[in-house]
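All remarks here apply to the structure that follows.
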Amino acid sequence: MLNLRPWQQEALTKSVRWLVEDGRDRHFLINAAPGAGKTIGASVIAKTLIDMGLVDRVVVIAPRVEVVNQWTRDFKTVTGRFMGKIAGSETQIEYDVAATWAAVEGLQDAFQAVCRSDRTMVICDEHHHAAVEAAWGNSANSAFAEARYVLILTGTPIRSDKKNSVWLAYDDEGAIDHPEEGTYTLTYGEAVDLGYCRPATFHRHEGKFNVDLEDGQHVVVSSKQKAELTPELKRIPGLQRALNFYKLACAPQYDADGKTPRVDGYQGTMVDWGASKLNDLRYRMPNAGGLVIAPNIIMAEYMVALIERIEGETPTIVHSNMANPEHKIEGFRHTEKRWIVSVGMISEGVDIPRLRVLIYLPSALTELSFRQAIGRVVRNVGEDDDTRAYVVMPSFDILENYARSVEDEMSVAARKEAAPPKAKVCPVCTTEAALGAKECAVCGHEFPQSAPRFKPCSACDGLNVMSAKICQHCGASFAAEFTLTLDEALRAGAIVRGMDIDEDDVREGEAMAHGFRKDAIASGDAKLVDMIRKLPEETWGKLKKIMDSN
């Protein structure tokens with residue numbers, strides 16, 4: 001017998017009343033915080049309607065392949081029914097299935113057919129993907145027009161572009177206006193207070209960049225201080241936009257050899273802070289892990305090398321350009337590795353409950369992405385889970401505003417920082433032991449020993465814990481200053497004819513350039529040759545990405 005969380009039982013009761021007893025609308029909305037347990041809750045609702053003889057077939061639409069895999073596992077655990085995974089080539093559906101939002105367009109005919117022939121329940125996970133008058137929204141609206149029931153799941157209901165999603169009404173201010181009787185809402189703050197999610201602490205990582213320019217000139221950039229350029233410097237193409245605090249925070253920093261990641265650079269000090277928190281967390285959760293969300297592949301590879309240099313362990317890395325990233329995520333989920341670095345692969349819906357530390361350097365600075373990322377590190381692993389989640393992010397106005405919004409949802413008690421751990425848990429028998437114990441007194445497990453990590457104060461040489469913001473001896477600030485060259489500052493990408501181009505796209509465009517230009521000339525098409533001469537090669541990688549997505 002599955003033990004439901006009280007909110008899941010309440011959502012079940014409310015959904016059955018709305019969909020079956022009242023029958024006023026076939027759509028029921030669950031707006032619950034990431035990590036609260038929407039997958040299990042939705043599967044229980046589906047099982048109830050199946051047991052009542054009201055549903056023959058269940059279709060789940062989820063944001064990505066890894067989430068589809070999770071759905072098939074959890075659905076079978078709850079219902080006992082097999083759920084298959086399908087792509088865009090199925091013509092007939094004879095069992096419960098799960099697919100990605102991207103696959104819906106190619107499956108419209110099959111979904112329309114099953115909705116006509118069988119009493120079908122559709123579960124739409126991360127529903128914000130289905131925007132009205134956009135490809136995925138139009139596909140879903142057409143595919144499931146005749147579904148018996150539609151269960152809409154979301155943890156971040158408002159899209160970053162403010163567009164409306166299909167099947168939901170909105171008020172004049174853009175807020176969802178679905179009837180209260182057909183909606184169940186659980187905020188992140190409520191989920192924390194009820195013990196469904198872990199509370200989060202946000203570390204705003206400060207820093208000041210001194211960028212050395214030509215002729216001995218330099219400019220200072222921080223989150224509170226924009227670069228002030230002379231008229232001569234303003235004439236350097238793209239310099240003003242490159243000297244942006246967040247761009248510099250996402251630019252790799254190397255030692256003098258130009259190859260070795262700087263452990264004392266901006267990202268190095270972020271990793272130090274996160275690693276220190278991960279060490280503390282592992283006293284209470286021995287397999288606790290950390291997640292780095294990187295803005296692009298080059299930065300992800302840099303963070304892997306940086307963490308390896310600082311910690312001595314090579315993190316797992318996942319991104320869309322590698323083979324079978326889902327298998328790497330699954331492998332990390334079931335190991336005790338400390339870090340995984342991701343570019344857009346571990347976000348909405350991906351469930352790795354042992355993640356507790358997030359180093360956040362995303363490409364998209366939206367509140368939706370921010371809240372989804374936090375959802376990866378706040379999942380509760382049981383009644384005895386007394387850990388916190390820690391988010392390490394640049395001290396940047398946009399991100400700080402998002403963090404305050406999340407903090408405002410939490411109660412005063414939840415916002416209070418946890419005291420340092422006083423005991424550690426044996427990973428074998430779960431017995432508590434003193435922090436300094438070398439082995440478990442009950443099962444004999446030998447605890448890994450790690451030397452405490454301290455940093456010296458440049459003002460008084462006093463030693464402080466890595467996470468200290470001010471020296472405990474003299475009060476000096478540890479707000480770091482980082483010196484960069486002009487080349488390092490511009491490494492964050494390119495600015496071409498007013499377009500901001502990521503470094504990944506710049507390099508891909510440059511790699512394509514020779515062959516593309518040669519093929520165009522060989523084609524004998526004068527208009528094509530003229531077009532590519534006008535289009536900067538730095539933009540070709542971005543153009544290819546746009547074409548591949550359509």
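Lettering and numbering for the structure tokens are positional, with chains as A, B, ... in the shown order, residues counted from 1 in each chain, and ligands counted from 1 in the shown order.
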Residues of segment 344-403 of chain A that approach segment 214-232 of chain A to 9 Å or less, counting only C-alpha atoms: could you list each one with the shortest pair of atoms and its distance in Å to one decimal, rows by chain and increasing residue number, as a Markdown table?
```
| residue | atom | partner | partner_atom | distance |
| --- | --- | --- | --- | --- |
| A:Pro394 | CA | A:Ser223 | CA | 8.3 |
| A:Ser395 | CA | A:Ser223 | CA | 6.2 |
| A:Phe396 | CA | A:Ser223 | CA | 5.3 |
| A:Asp397 | CA | A:Ser223 | CA | 7.2 |
```
Where in segment 217-402 of chain A does DSSP assign alpha helix (DSSP H), given as number ranges by chain?
A: 231-234, 239-242, 245-249, 266-284, 297-311, 325-333, 367-374, 397-402
Residue set, segment 13-157 of chain A restricted to strand (DSSP E or B), as a short mmCIF file (atom, residue, chain, number, x, y, z; two decimals) with C-alpha atoms, in the first residue's frame:
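Writing done, so here's selection-v6.cif:
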```cif
data_model
loop_
_atom_site.label_atom_id
_atom_site.label_comp_id
_atom_site.auth_asym_id
_atom_site.auth_seq_id
_atom_site.Cartn_x
_atom_site.Cartn_y
_atom_site.Cartn_z
CA HIS A 27 -8.93 19.76 -16.98
CA PHE A 28 -7.48 19.62 -13.44
CA LEU A 29 -4.44 21.71 -12.53
CA ILE A 30 -1.78 20.76 -9.95
CA ASN A 31 0.55 23.69 -9.30
CA ALA A 32 3.06 22.28 -6.81
CA ARG A 57 -5.44 4.53 -21.54
CA VAL A 58 -2.96 6.99 -19.98
CA VAL A 59 -0.65 9.25 -22.01
CA VAL A 60 2.13 11.23 -20.30
CA ILE A 61 3.89 14.15 -22.00
CA ALA A 62 7.12 15.28 -20.31
CA MET A 83 4.08 2.30 -19.63
CA GLY A 84 6.03 2.39 -22.90
CA LYS A 85 8.23 5.18 -24.29
CA ASP A 96 -0.07 3.42 -21.68
CA VAL A 97 2.69 5.58 -23.14
CA ALA A 98 5.01 8.48 -22.34
CA ALA A 99 6.61 10.87 -24.84
CA THR A 100 8.43 14.19 -24.87
CA THR A 120 -7.86 8.48 -22.48
CA MET A 121 -6.32 10.45 -19.64
CA VAL A 122 -3.51 12.82 -20.60
CA ILE A 123 -0.95 13.95 -18.01
CA CYS A 124 0.95 17.05 -19.11
CA ALA A 131 2.31 27.81 -25.34
CA TYR A 149 -9.41 13.87 -18.86
CA VAL A 150 -6.39 16.18 -18.84
CA LEU A 151 -4.21 16.48 -15.73
CA ILE A 152 -1.98 19.55 -15.93
CA LEU A 153 1.17 19.52 -13.79
CA THR A 154 3.46 22.47 -13.20
#
```
Please, what distance in Å, to one decimal, runs between atom CA of Tyr266 of chain A and atom CA of Ile298 of chain A?
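Atom CA of Tyr266 of chain A sits 16.3 Å away from atom CA of Ile298 of chain A.
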Here is a test: counting only C-alpha atoms, which residue of A:Thr13, A:Gln108, A:Thr79, A:Asn69 is nearest to Ser142 of chain A?
A:Gln108
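Using only C-alpha atoms, the protein and nucleic acid residues lying no more than 6 Å from segment 354-364 of chain A, apart from those fewer than 3 places from it along its own chain, are Ala288, Gly289, Gly290, Leu291, Val292, Ile293, Ala294, Pro295, Val377, Ala389, Tyr390, Val391, Val392 and Met393 of chain A.
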So, counting only C-alpha atoms, which residue among A:Lys247, A:Lys438, A:Arg371, A:Lys76 is closest to Gly35 of chain A?
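Checking each candidate against Gly35 of chain A, we get A:Arg371 as the closest.
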Contacts of segment 314-318 of chain A within 9 Å, only C-alpha atoms, excl. fewer than 2 positions in-chain, as a PyMOL selection string
chain A and resi 300-301+303-305+307-309+311-312+320-322+324-326+328-329+332+337-346
What is the atom CA of Ile470 of chain A to atom CA of Met285 of chain A distance in Å?
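Computed distance, atom CA of Ile470 of chain A to atom CA of Met285 of chain A, equals 28.0 Å.
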Coordinates-based distance that separates atom CA of Ser369 of chain A from atom CA of Phe75 of chain A (Å, one decimal):
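Atom CA of Ser369 of chain A lies 26.0 Å from atom CA of Phe75 of chain A.
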With a distance cut-off of 7 Å and only C-alpha atoms, select the neighbouring residues of segment 101-106 of chain A, excluding the residue or stretch itself and same-chain residues fewer than 3 positions from it, and output the selection as a list in words.
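Once the adjacent positions are removed, what remains is Ile61, Ala62, Pro63, Ala87, Gly88, Ser89, Trp136, Ser139 and Ala140 of chain A.
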Write to file, as a compact mmCIF listing (two decimals), in the first residue's frame, the residues of the selection just made, with C-alpha atoms.
```
# COMPACT_ATOMS: atom_id res chain seq x y z
CA ILE A 61 3.89 14.15 -22.00
CA ALA A 62 7.12 15.28 -20.31
CA PRO A 63 9.88 17.77 -21.14
CA ALA A 87 9.04 8.78 -30.25
CA GLY A 88 7.59 10.34 -33.38
CA SER A 89 7.09 7.23 -35.50
CA TRP A 136 4.23 22.41 -29.09
CA SER A 139 0.39 20.08 -31.48
CA ALA A 140 -0.89 19.21 -28.00
```
